[in-house]
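Next up, work.txt (compact mmCIF, C-alpha atoms):
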# COMPACT_ATOMS: atom_id res chain seq x y z
CA MET A 65 118.67 106.01 126.09
CA PRO A 66 118.59 104.50 122.61
CA LEU A 67 118.02 100.81 122.42
CA THR A 68 121.05 98.66 121.74
CA ARG A 69 121.08 95.98 119.10
CA ASN A 70 120.33 93.16 121.57
CA GLU A 71 117.46 95.05 123.20
CA ASP A 72 115.79 96.18 120.00
CA PRO A 73 112.81 93.91 119.36
CA ASP A 74 112.64 95.13 115.78
CA GLN A 75 116.00 93.61 114.92
CA VAL A 76 114.39 90.21 114.35
CA LEU A 77 111.87 91.79 112.02
CA ILE A 78 114.59 93.60 110.10
CA GLN A 79 116.57 90.38 109.71
CA SER A 80 113.45 88.59 108.45
CA LEU A 81 112.79 91.43 106.05
CA VAL A 82 116.32 91.25 104.68
CA GLU A 83 115.70 87.55 104.09
CA GLY A 84 112.59 88.44 102.06
CA ASP A 85 109.80 87.92 104.58
CA GLY A 86 106.83 90.06 103.52
CA GLU A 87 105.05 89.56 106.83
CA ALA A 88 107.96 91.24 108.59
CA LEU A 89 107.27 94.33 106.51
CA MET A 90 103.63 94.33 107.59
CA ALA A 91 104.68 94.04 111.22
CA LEU A 92 107.12 96.93 110.82
CA VAL A 93 104.47 99.08 109.19
CA ARG A 94 102.13 98.40 112.10
CA ARG A 95 104.83 99.21 114.64
CA HIS A 96 106.44 102.19 112.94
CA GLY A 97 104.03 103.41 110.28
CA ARG A 98 102.81 106.26 112.42
CA TRP A 99 106.11 108.02 112.96
CA VAL A 100 107.02 107.52 109.31
CA ARG A 101 103.78 109.32 108.44
CA GLY A 102 104.78 111.97 110.96
CA VAL A 103 108.10 112.51 109.20
CA LEU A 104 106.35 112.74 105.84
CA PHE A 105 103.78 115.18 107.20
CA GLY A 106 106.62 117.24 108.68
CA VAL A 107 107.94 117.84 105.16
CA LEU A 108 104.80 117.65 103.02
CA GLY A 109 102.29 119.32 105.30
CA THR A 110 99.19 117.63 103.90
CA VAL A 111 97.64 114.28 104.72
CA GLU A 112 96.77 113.65 101.08
CA ASP A 113 100.41 113.95 100.03
CA VAL A 114 101.47 111.74 102.93
CA GLU A 115 99.22 108.98 101.63
CA ASP A 116 100.75 109.26 98.19
CA VAL A 117 104.33 108.96 99.38
CA GLU A 118 103.95 106.55 102.27
CA GLN A 119 103.62 103.42 100.19
CA GLN A 120 106.61 104.39 98.07
CA VAL A 121 108.72 104.69 101.20
CA TRP A 122 107.81 101.27 102.56
CA LEU A 123 108.16 99.62 99.17
CA ALA A 124 111.61 101.19 98.74
CA PHE A 125 112.53 100.13 102.26
CA TRP A 126 111.50 96.57 101.47
CA GLN A 127 113.36 96.51 98.18
CA ARG A 128 116.54 98.11 99.49
CA CYS A 129 116.83 96.77 103.02
CA GLY A 130 119.47 94.31 101.76
CA GLU A 131 121.80 97.30 101.26
CA LEU A 132 121.65 98.13 104.96
CA ASP A 133 125.18 97.56 106.31
CA ASP A 134 124.46 98.17 109.96
CA THR A 135 120.99 96.87 110.75
CA SER A 136 121.03 98.56 114.15
CA ARG A 137 120.76 101.89 112.28
CA TRP A 138 117.63 100.89 110.38
CA ARG A 139 115.48 103.58 112.01
CA ASN A 140 117.79 106.37 110.86
CA TRP A 141 117.93 104.75 107.43
CA LEU A 142 114.15 104.61 107.19
CA TYR A 143 113.91 108.18 108.49
CA ARG A 144 116.28 109.46 105.80
CA MET A 145 114.48 107.43 103.15
CA ALA A 146 111.12 108.90 104.19
CA ARG A 147 112.47 112.42 104.38
CA ASN A 148 114.16 112.22 100.98
CA ALA A 149 111.04 110.75 99.39
CA ALA A 150 108.99 113.59 100.83
CA ILE A 151 111.44 116.23 99.60
CA ASP A 152 111.40 114.64 96.13
CA ALA A 153 107.61 114.66 96.17
CA VAL A 154 107.57 118.35 97.08
CA ARG A 155 109.88 119.13 94.15
CA ARG A 156 107.80 117.09 91.73
CA SER A 157 104.50 118.51 92.81
CA THR A 158 105.56 122.16 92.96
CA ARG A 159 105.83 122.52 89.20
CA ARG A 160 102.74 120.45 88.52
CA ARG A 161 100.70 122.51 90.97
CA LYS A 162 101.81 125.77 89.43
CA LEU A 163 100.74 124.56 85.99
CA TRP A 164 97.34 123.37 87.07
CA GLN A 165 96.39 125.82 89.78
CA GLY A 166 95.63 128.64 87.39
CA LEU A 167 93.33 126.51 85.28
CA LYS A 168 91.73 124.86 88.29
CA ASP A 169 90.96 128.21 89.90
CA LEU A 170 88.81 129.12 86.91
CA PHE A 171 86.39 126.35 87.67
CA VAL A 172 86.23 126.58 91.44
CA GLN A 173 82.74 127.69 92.32
CA HIS A 174 82.07 129.58 95.50
CA PRO A 175 80.58 127.06 97.93
CA ALA A 176 76.90 127.33 98.65
CA PRO A 177 75.88 128.11 102.24
CA GLN A 178 76.25 124.95 104.24
CA PRO A 179 73.55 123.54 106.50
CA ARG A 180 74.19 123.72 110.21
CA PRO A 181 76.96 121.25 110.99
CA ASP A 182 76.44 118.39 113.42
CA ARG A 183 78.84 117.52 116.20
CA ASN A 184 81.02 115.25 114.06
CA ALA A 185 81.35 117.95 111.49
CA ILE A 186 82.40 120.44 114.18
CA VAL A 187 85.05 118.07 115.50
CA GLN A 188 86.25 117.43 111.97
CA GLU A 189 86.44 121.14 111.32
CA GLU A 190 88.47 121.65 114.49
CA HIS A 191 90.84 118.92 113.37
CA GLN A 192 91.20 120.49 109.96
CA ARG A 193 91.88 123.85 111.53
CA ALA A 194 94.50 122.35 113.85
CA LEU A 195 96.14 120.47 110.98
CA ALA A 196 96.21 123.59 108.85
CA ALA A 197 97.86 125.45 111.71
CA VAL A 198 100.45 122.70 112.22
CA ARG A 199 101.15 122.84 108.51
CA ARG A 200 102.06 126.51 108.83
CA ILE A 201 104.70 125.87 111.49
CA PRO A 202 108.14 126.18 109.84
CA GLU A 203 109.27 122.78 108.66
CA ILE A 204 112.30 122.58 110.92
CA TYR A 205 110.10 122.86 114.02
CA ARG A 206 107.14 120.97 112.61
CA GLU A 207 109.01 117.70 112.28
CA ALA A 208 109.85 117.44 115.98
CA PHE A 209 106.38 118.65 116.94
CA VAL A 210 104.66 116.00 114.83
CA LEU A 211 106.88 113.19 116.08
CA ARG A 212 106.22 114.26 119.66
CA HIS A 213 102.45 114.60 119.31
CA LEU A 214 101.71 111.82 116.88
CA GLU A 215 103.93 109.16 118.35
CA GLY A 216 104.60 110.51 121.85
CA MET A 217 108.34 110.23 121.31
CA SER A 218 110.67 111.52 124.02
CA TYR A 219 113.24 114.22 123.27
CA GLN A 220 115.95 111.55 123.23
CA GLN A 221 114.06 109.33 120.78
CA ILE A 222 113.43 112.25 118.44
CA ALA A 223 117.07 113.32 118.76
CA ASP A 224 118.30 109.81 117.90
CA LEU A 225 116.00 109.61 114.92
CA ILE A 226 116.70 112.93 113.29
CA GLY A 227 120.31 113.21 114.38
CA VAL A 228 120.37 116.28 116.64
CA ALA A 229 120.95 116.88 120.36
CA PRO A 230 117.99 116.46 122.76
CA GLU A 231 118.38 120.11 123.77
CA THR A 232 117.86 121.08 120.14
CA VAL A 233 114.69 119.02 120.08
CA GLY A 234 113.49 120.88 123.19
CA THR A 235 114.21 124.24 121.59
CA ARG A 236 112.41 123.25 118.40
CA LEU A 237 109.37 122.11 120.37
CA VAL A 238 109.20 125.38 122.28
CA ARG A 239 109.39 127.34 119.04
CA ALA A 240 106.87 125.09 117.32
CA ARG A 241 104.34 125.76 120.07
CA ARG A 242 105.07 129.46 120.01
CA HIS A 243 104.36 129.50 116.26
CA LEU A 244 101.25 127.36 116.67
CA LEU A 245 99.80 129.56 119.40
CA ARG A 246 100.44 132.66 117.30
CA ILE A 247 98.84 131.08 114.22
CA LEU A 248 95.74 129.90 116.09
CA LYS A 249 95.32 133.28 117.77
CA ALA A 250 95.59 135.03 114.41
CA ASP A 251 93.02 132.64 112.91
CA ARG A 252 90.61 133.30 115.75
CA LYS A 253 91.09 137.02 115.33
CA ASP A 254 90.40 136.71 111.59
CA ASP A 255 87.27 134.68 112.30
CA SER A 256 85.92 137.23 114.76
CA LEU A 257 86.67 140.03 112.33
CA GLY A 258 84.95 138.09 109.58
CA THR A 259 81.76 137.65 111.59
CA GLU A 260 81.52 141.27 112.65
CA MET B 16 110.95 133.52 144.88
CA THR B 17 111.91 132.88 141.27
CA HIS B 18 111.15 135.36 138.54
CA TRP B 19 111.67 133.78 135.16
CA ALA B 20 112.10 135.44 131.85
CA GLN B 21 109.35 134.69 129.34
CA ASN B 22 111.59 132.38 127.30
CA GLU B 23 112.61 130.39 130.33
CA LEU B 24 109.02 130.12 131.46
CA GLU B 25 107.93 128.86 128.03
CA ASP B 26 110.78 126.39 128.00
CA ARG B 27 109.80 125.01 131.40
CA ILE B 28 106.12 124.80 130.52
CA VAL B 29 106.78 123.00 127.27
CA ARG B 30 109.14 120.54 128.90
CA ALA B 31 106.62 119.95 131.68
CA LEU B 32 103.91 119.18 129.16
CA ASP B 33 106.29 116.83 127.37
CA GLY B 34 107.19 115.07 130.63
CA GLU B 35 110.84 116.08 130.35
CA LEU B 36 111.26 117.94 133.65
CA SER B 37 113.05 116.51 136.64
CA ALA B 38 111.20 116.45 139.97
CA SER B 39 113.00 119.53 141.26
CA GLU B 40 112.40 121.48 138.05
CA ARG B 41 108.75 120.52 138.18
CA ALA B 42 108.50 121.73 141.78
CA GLU B 43 110.02 125.07 140.79
CA LEU B 44 107.55 125.41 137.95
CA ASP B 45 104.61 124.57 140.22
CA ARG B 46 105.67 127.36 142.58
CA GLU B 47 105.88 129.77 139.67
CA LEU B 48 102.45 128.71 138.43
CA LEU B 49 100.95 129.35 141.86
CA ARG B 50 102.50 132.78 141.96
CA ASN B 51 102.02 133.88 138.36
CA PRO B 52 98.56 133.85 136.70
CA ALA B 53 100.08 134.66 133.28
CA ALA B 54 102.17 131.52 133.55
CA ARG B 55 99.06 129.50 134.37
CA ARG B 56 97.26 130.97 131.37
CA LEU B 57 100.17 130.16 129.10
CA MET B 58 100.32 126.60 130.35
CA ASP B 59 96.59 126.19 129.79
CA GLN B 60 96.90 127.53 126.25
CA TYR B 61 99.80 125.23 125.44
CA ARG B 62 98.01 122.26 126.96
CA ARG B 63 94.94 123.01 124.89
CA ILE B 64 96.76 123.42 121.58
CA ASP B 65 98.78 120.28 122.34
CA GLY B 66 95.56 118.36 122.79
CA GLN B 67 94.02 119.75 119.61
CA ALA B 68 97.11 119.10 117.53
CA ALA B 69 97.65 115.58 118.88
CA ALA B 70 94.01 114.62 118.25
CA ALA B 71 94.08 116.06 114.75
CA LEU B 72 97.39 114.39 113.88
CA ARG B 73 96.33 111.02 115.25
CA THR B 74 93.03 111.17 113.42
CA ALA B 75 94.68 112.14 110.16
CA LEU B 76 97.85 110.08 110.31
CA GLY B 77 97.13 107.36 112.86
CA SER B 78 95.88 104.69 110.52
CA ASP B 79 98.00 102.14 108.66
CA ALA B 80 95.14 101.49 106.25
CA ASN B 81 96.85 103.36 103.44
CA VAL B 82 99.68 100.82 103.38
CA LEU B 83 98.11 97.75 104.88
CA GLY B 84 94.55 98.21 103.67
CA THR B 85 92.38 95.32 104.71
CA ALA B 86 94.87 92.78 103.46
CA SER B 87 95.96 89.83 105.53
CA PRO B 88 99.46 90.12 106.97
CA ALA B 89 100.76 87.55 104.50
CA ARG B 90 99.86 89.70 101.55
CA PRO B 91 102.71 91.73 100.04
CA PRO B 92 102.31 95.50 99.91
CA ARG B 93 100.26 97.03 97.17
CA ARG B 94 101.84 98.87 94.29
CA ALA B 95 103.57 102.07 95.19
CA THR B 96 101.51 104.21 92.84
CA ARG B 97 98.03 104.82 94.11
CA TRP B 98 95.66 106.52 91.68
CA ARG B 99 93.06 108.71 93.21
CA TRP B 100 90.09 110.28 91.53
CA GLY B 101 91.73 113.67 91.66
CA SER B 102 94.75 112.39 89.74
CA ILE B 103 92.58 110.54 87.27
CA SER B 104 90.46 113.58 86.51
CA LEU B 105 93.55 115.76 86.07
CA VAL B 106 95.06 113.27 83.66
CA ALA B 107 91.75 112.97 81.79
CA ALA B 108 91.53 116.75 81.50
CA ALA B 109 95.10 116.90 80.19
CA VAL B 110 94.41 114.19 77.63
CA LEU B 111 91.24 115.97 76.52
CA LEU B 112 93.04 119.29 76.10
CA LEU B 113 95.83 117.59 74.19
CA ALA B 114 93.37 115.78 71.92
CA VAL B 115 91.50 119.00 71.15
CA GLY B 116 94.78 120.75 70.42
CA ILE B 117 96.04 118.02 68.12
CA TRP B 118 92.69 117.83 66.33
CA ALA B 119 92.68 121.57 65.84
CA ALA B 120 96.29 121.54 64.61
CA VAL B 121 95.61 118.80 62.09
CA HIS B 122 92.55 120.56 60.69
CA ALA B 123 93.85 124.12 60.96
CA ARG B 124 94.64 124.49 57.27
CA HIS B 125 90.97 124.09 56.31
CA TRP B 126 90.05 127.24 58.20
CA LEU B 127 92.82 129.42 56.89
CA PRO B 128 92.17 131.58 53.84
CA GLY B 129 92.85 129.44 50.80
CA GLY B 130 92.95 126.46 53.06
CA GLY B 131 91.16 124.23 50.60
CA ASP B 132 94.27 124.04 48.46
CA ASP B 133 96.56 121.59 50.19
CA ARG B 134 99.58 122.37 48.09
CA ALA B 135 99.17 126.09 48.63
CA ALA B 136 98.58 125.57 52.32
CA ARG B 137 101.78 123.61 52.65
CA ARG B 138 103.77 126.33 50.95
CA GLU B 139 102.17 129.22 52.84
CA PRO B 140 103.13 130.33 56.33
CA LEU B 141 100.54 129.73 59.02
CA ALA B 142 99.57 133.32 59.62
CA VAL B 143 99.65 134.92 56.28
CA GLY B 144 100.83 138.46 55.87
CA CYS B 145 100.21 139.61 59.47
CA LYS B 146 102.80 141.73 61.20
CA GLY B 147 101.02 141.40 64.51
CA VAL B 148 97.61 141.15 66.03
CA GLU B 149 95.45 144.20 65.88
CA PRO B 150 93.63 144.73 69.16
CA THR B 151 89.97 145.65 68.92
CA GLY B 152 87.82 147.26 71.61
CA THR B 153 88.52 146.18 75.14
CA GLN B 154 89.39 142.61 74.32
CA PRO B 155 92.80 142.66 72.69
CA ALA B 156 93.22 138.95 73.35
CA LEU B 157 90.24 138.31 71.15
CA ALA B 158 91.32 140.55 68.34
CA ALA B 159 90.43 138.94 65.11
CA ALA B 160 93.32 137.72 63.08
CA ARG B 161 93.05 138.56 59.47
CA GLY B 162 94.23 136.70 56.52
CA ARG B 163 96.13 138.06 53.56
CA ASP B 164 92.92 139.50 52.11
CA GLY B 165 91.91 141.04 55.44
CA ALA B 166 89.02 138.64 56.07
CA ALA B 167 88.35 137.42 59.57
CA VAL B 168 89.43 133.85 60.17
CA ARG B 169 86.63 131.42 60.90
CA SER B 170 86.50 129.52 64.15
CA PRO B 171 87.69 125.94 64.00
CA LEU B 172 84.86 125.07 66.33
CA GLY B 173 82.18 126.75 64.30
CA LYS B 174 80.67 123.42 63.35
CA ALA B 175 80.06 122.71 67.02
CA GLY B 176 77.74 125.68 67.32
CA VAL B 177 80.15 128.41 68.34
CA GLU B 178 80.26 130.98 65.62
CA ASP B 179 82.43 134.01 65.04
CA VAL B 180 85.05 133.15 67.55
CA PRO B 181 88.21 134.67 66.20
CA LEU B 182 91.51 132.94 65.86
CA MET B 183 94.62 134.79 66.89
CA TYR B 184 97.99 134.15 65.33
CA ASP B 185 101.05 135.67 66.88
CA THR B 186 103.31 136.40 63.99
CA ALA B 187 105.35 139.18 65.53
CA ASP B 188 108.49 137.10 65.51
CA PRO B 189 108.30 134.40 62.87
CA SER B 190 110.98 131.79 63.28
CA PRO B 191 112.81 129.95 60.49
CA PHE B 192 110.40 127.09 61.07
CA PHE B 193 107.60 129.33 60.01
CA ASP B 194 107.91 128.52 56.36
CA THR B 195 108.41 124.81 56.70
CA PRO B 196 105.58 122.57 55.51
CA ARG B 197 102.96 122.35 58.20
CA GLN B 198 102.23 118.74 57.60
CA GLY B 199 105.02 116.80 59.18
CA ASP B 200 106.15 119.62 61.45
CA ARG B 201 107.46 118.24 64.64
CA VAL B 202 106.26 120.40 67.50
CA ILE B 203 108.91 120.10 70.13
CA ASP B 204 107.63 122.45 72.78
CA ARG B 205 103.88 122.83 73.09
CA HIS B 206 101.76 124.09 75.95
CA PHE B 207 98.05 124.45 76.46
CA PHE B 208 96.35 126.67 78.91
CA GLY B 209 92.86 127.99 79.29
CA VAL B 210 91.34 131.38 79.94
CA PHE B 211 87.76 131.40 81.10
CA ASP B 212 85.43 134.11 79.83
CA GLU B 213 82.83 134.51 82.58
CA ALA B 214 80.50 136.63 80.45
CA ARG B 215 80.36 134.23 77.53
CA ARG B 216 80.73 131.10 79.67
CA GLU B 217 83.44 129.98 77.35
CA LEU B 218 86.85 128.56 77.89
CA TYR B 219 89.50 129.79 75.50
CA LEU B 220 91.97 127.03 74.95
CA ILE B 221 95.30 128.59 74.10
CA GLU B 222 97.96 126.52 72.45
CA VAL B 223 101.49 127.86 72.41
CA ASP B 224 104.34 126.29 70.55
CA ARG B 225 107.47 127.52 68.89
CA VAL B 226 105.76 128.75 65.77
CA ARG B 227 102.32 129.98 66.64
CA THR B 228 99.75 130.88 69.24
CA ARG B 229 96.16 129.93 68.66
CA VAL B 230 92.99 130.60 70.62
CA ASP B 231 90.01 128.30 70.36
CA ALA B 232 86.72 128.89 72.15
CA ILE B 233 84.98 126.00 73.82
CA SER B 234 81.43 126.42 75.10
CA LEU B 235 81.07 125.25 78.66
CA ASP B 236 78.01 124.10 80.44
CA LEU B 237 79.10 124.42 84.04
Can you turn what I pasted into structure tokens?
Amino acid sequence: MPLTRNEDPDQVLIQSLVEGDGEALMALVRRHGRWVRGVLFGVLGTVEDVEDVEQQVWLAFWQRCGELDDTSRWRNWLYRMARNAAIDAVRRSTRRRKLWQGLKDLFVQHPAPQPRPDRNAIVQEEHQRALAAVRRIPEIYREAFVLRHLEGMSYQQIADLIGVAPETVGTRLVRARRHLLRILKADRKDDSLGTE
Amino acid sequence: MTHWAQNELEDRIVRALDGELSASERAELDRELLRNPAARRLMDQYRRIDGQAAAALRTALGSDANVLGTASPARPPRRATRWRWGSISLVAAAVLLLAVGIWAAVHARHWLPGGGDDRAARREPLAVGCKGVEPTGTQPALAAARGRDGAAVRSPLGKAGVEDVPLMYDTADPSPFFDTPRQGDRVIDRHFFGVFDEARRELYLIEVDRVRTRVDAISLDL
């Protein structure tokens, strides 16, 4: 069940933030930064882009929290703010990327053979591979998947945040995993073909 | 004994992994898992990819350092715009290209035939007498533009050690601006892009605006 206004421990922080308390913002970032990053990653798909947009979201939240009519809805407000910022960032970067990609490609050298990776490098490579696969999940399923796996949110919490029914969240999570499994299997197949 | 469709089985497995099954639903799933090896395999696969994805996401996105940094809690958030080396180098490259283009545009009249005469240069169109670029050999993009007297145009970068790099002027569709004095022209829409010649190890910087297209060669030491 969603928390009511009296039960929500973040309400005090939100009130402090509205009154201009910068420390309240820090506390909110510590408590909720991870799922905000999850929402951004759900739209943007790359960690680098998430880092670029994340600060803008929190700064905008700080500057505009006085406009919040119903403070009990702050999570949904922050969610929409993060999502819109991410969508704007995608629009901005699409044109810029197109312009630069062609020129950049000219200077990309083929990487030299790498020395044998150590264990950390292997783990890092696995993470990169997993992230790349998550990135290829369709956005509509990726958002729920990231919120579930990054923050451990329940179906109800995800549903409350993004404004859909819990059953819809369940369906999206099933489909996200189906996509992910298919992508990882295809990658493995490509790898084995490449080494033959 | 229950025989589930694949979709239903997936749904149950996913909800079990997410901790969203009731006790009775979980018991039903356990019975199915005992009976059905394919279901067990699927659950193992989903559990494994869940673990991989969660670890990767938490490693990549789990830290607040991007917003909080190492600042004390009392410190207000940093500025929203965060410059990274990638952004800085892109901006520097853009500025460099723009500077080269502007420099070349300002000095262009000295390399055109009769360019020494400022008054004549101001009265003459940029690409004199050409109806189009004549392709030569297998490199039409490098076809030498020719002036009114048919002489090849000298490279603007010749002084920097690159000789005989032709200039190309696209005069197929001269606009009314074509005859306006070059000095003081306001270029409203200008683009630069580069084409890299692997054989020569040269980057051809191509400037396109509403009146002309020019190709300059830049030697690269990559």
Nearby residues (all atoms listed in the file) at most 12 Å from Asp33 in chain B, same-chain spacing under 4 positions excluded, as an NGL selection string: (:A and (208-209 or 211-213 or 216-220 or 233-234 or 237-238 or 241)) or (:B and (26-29 or 37 or 41 or 58 or 61-62 or 65-66))
May I have a table of the residues of chain A lying at most 7 Å from chain B, giving each one's closest pair of atoms and their distance in Å to one decimal, counting all atoms listed in the file, ordered by chain and ascending residue number, as JSON lines?
{"residue": "A:Gly86", "atom": "CA", "partner": "B:Pro91", "partner_atom": "CA", "distance": 5.6}
{"residue": "A:Glu87", "atom": "CA", "partner": "B:Ala89", "partner_atom": "CA", "distance": 5.3}
{"residue": "A:Met90", "atom": "CA", "partner": "B:Pro88", "partner_atom": "CA", "distance": 6.0}
{"residue": "A:Arg94", "atom": "CA", "partner": "B:Asp79", "partner_atom": "CA", "distance": 6.5}
{"residue": "A:Gly97", "atom": "CA", "partner": "B:Asp79", "partner_atom": "CA", "distance": 6.4}
{"residue": "A:Arg98", "atom": "CA", "partner": "B:Gly77", "partner_atom": "CA", "distance": 5.8}
{"residue": "A:Arg101", "atom": "CA", "partner": "B:Leu76", "partner_atom": "CA", "distance": 6.3}
{"residue": "A:Val111", "atom": "CA", "partner": "B:Ala75", "partner_atom": "CA", "distance": 6.6}
{"residue": "A:Glu115", "atom": "CA", "partner": "B:Asn81", "partner_atom": "CA", "distance": 6.4}
{"residue": "A:Asp116", "atom": "CA", "partner": "B:Arg97", "partner_atom": "CA", "distance": 6.6}
{"residue": "A:Gln119", "atom": "CA", "partner": "B:Ala95", "partner_atom": "CA", "distance": 5.2}
{"residue": "A:Gln120", "atom": "CA", "partner": "B:Ala95", "partner_atom": "CA", "distance": 4.8}
{"residue": "A:Leu123", "atom": "CA", "partner": "B:Ala95", "partner_atom": "CA", "distance": 6.6}
{"residue": "A:Leu167", "atom": "CA", "partner": "B:Gly209", "partner_atom": "CA", "distance": 6.2}
{"residue": "A:Leu170", "atom": "CA", "partner": "B:Phe211", "partner_atom": "CA", "distance": 6.3}
{"residue": "A:His191", "atom": "CA", "partner": "B:Ala71", "partner_atom": "CA", "distance": 4.5}
{"residue": "A:Ala194", "atom": "CA", "partner": "B:Ala68", "partner_atom": "CA", "distance": 5.6}
{"residue": "A:Leu195", "atom": "CA", "partner": "B:Ala71", "partner_atom": "CA", "distance": 6.2}
{"residue": "A:His213", "atom": "CA", "partner": "B:Ala69", "partner_atom": "CA", "distance": 4.9}
{"residue": "A:Leu214", "atom": "CA", "partner": "B:Arg73", "partner_atom": "CA", "distance": 5.7}
{"residue": "A:Val238", "atom": "CA", "partner": "B:Asp26", "partner_atom": "CA", "distance": 6.0}
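One distance worth recording is that between CA of Arg193 in chain A and CA of Arg246 in chain A, which is 13.6 Å.
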Nearby residues, (117.6, 100.6, 110.9) file frame, 12 Å, all atoms listed in the file, as a PyMOL selection string: chain A and resi 67-69+72-79+81-82+92+96+125-126+128-145+224-225
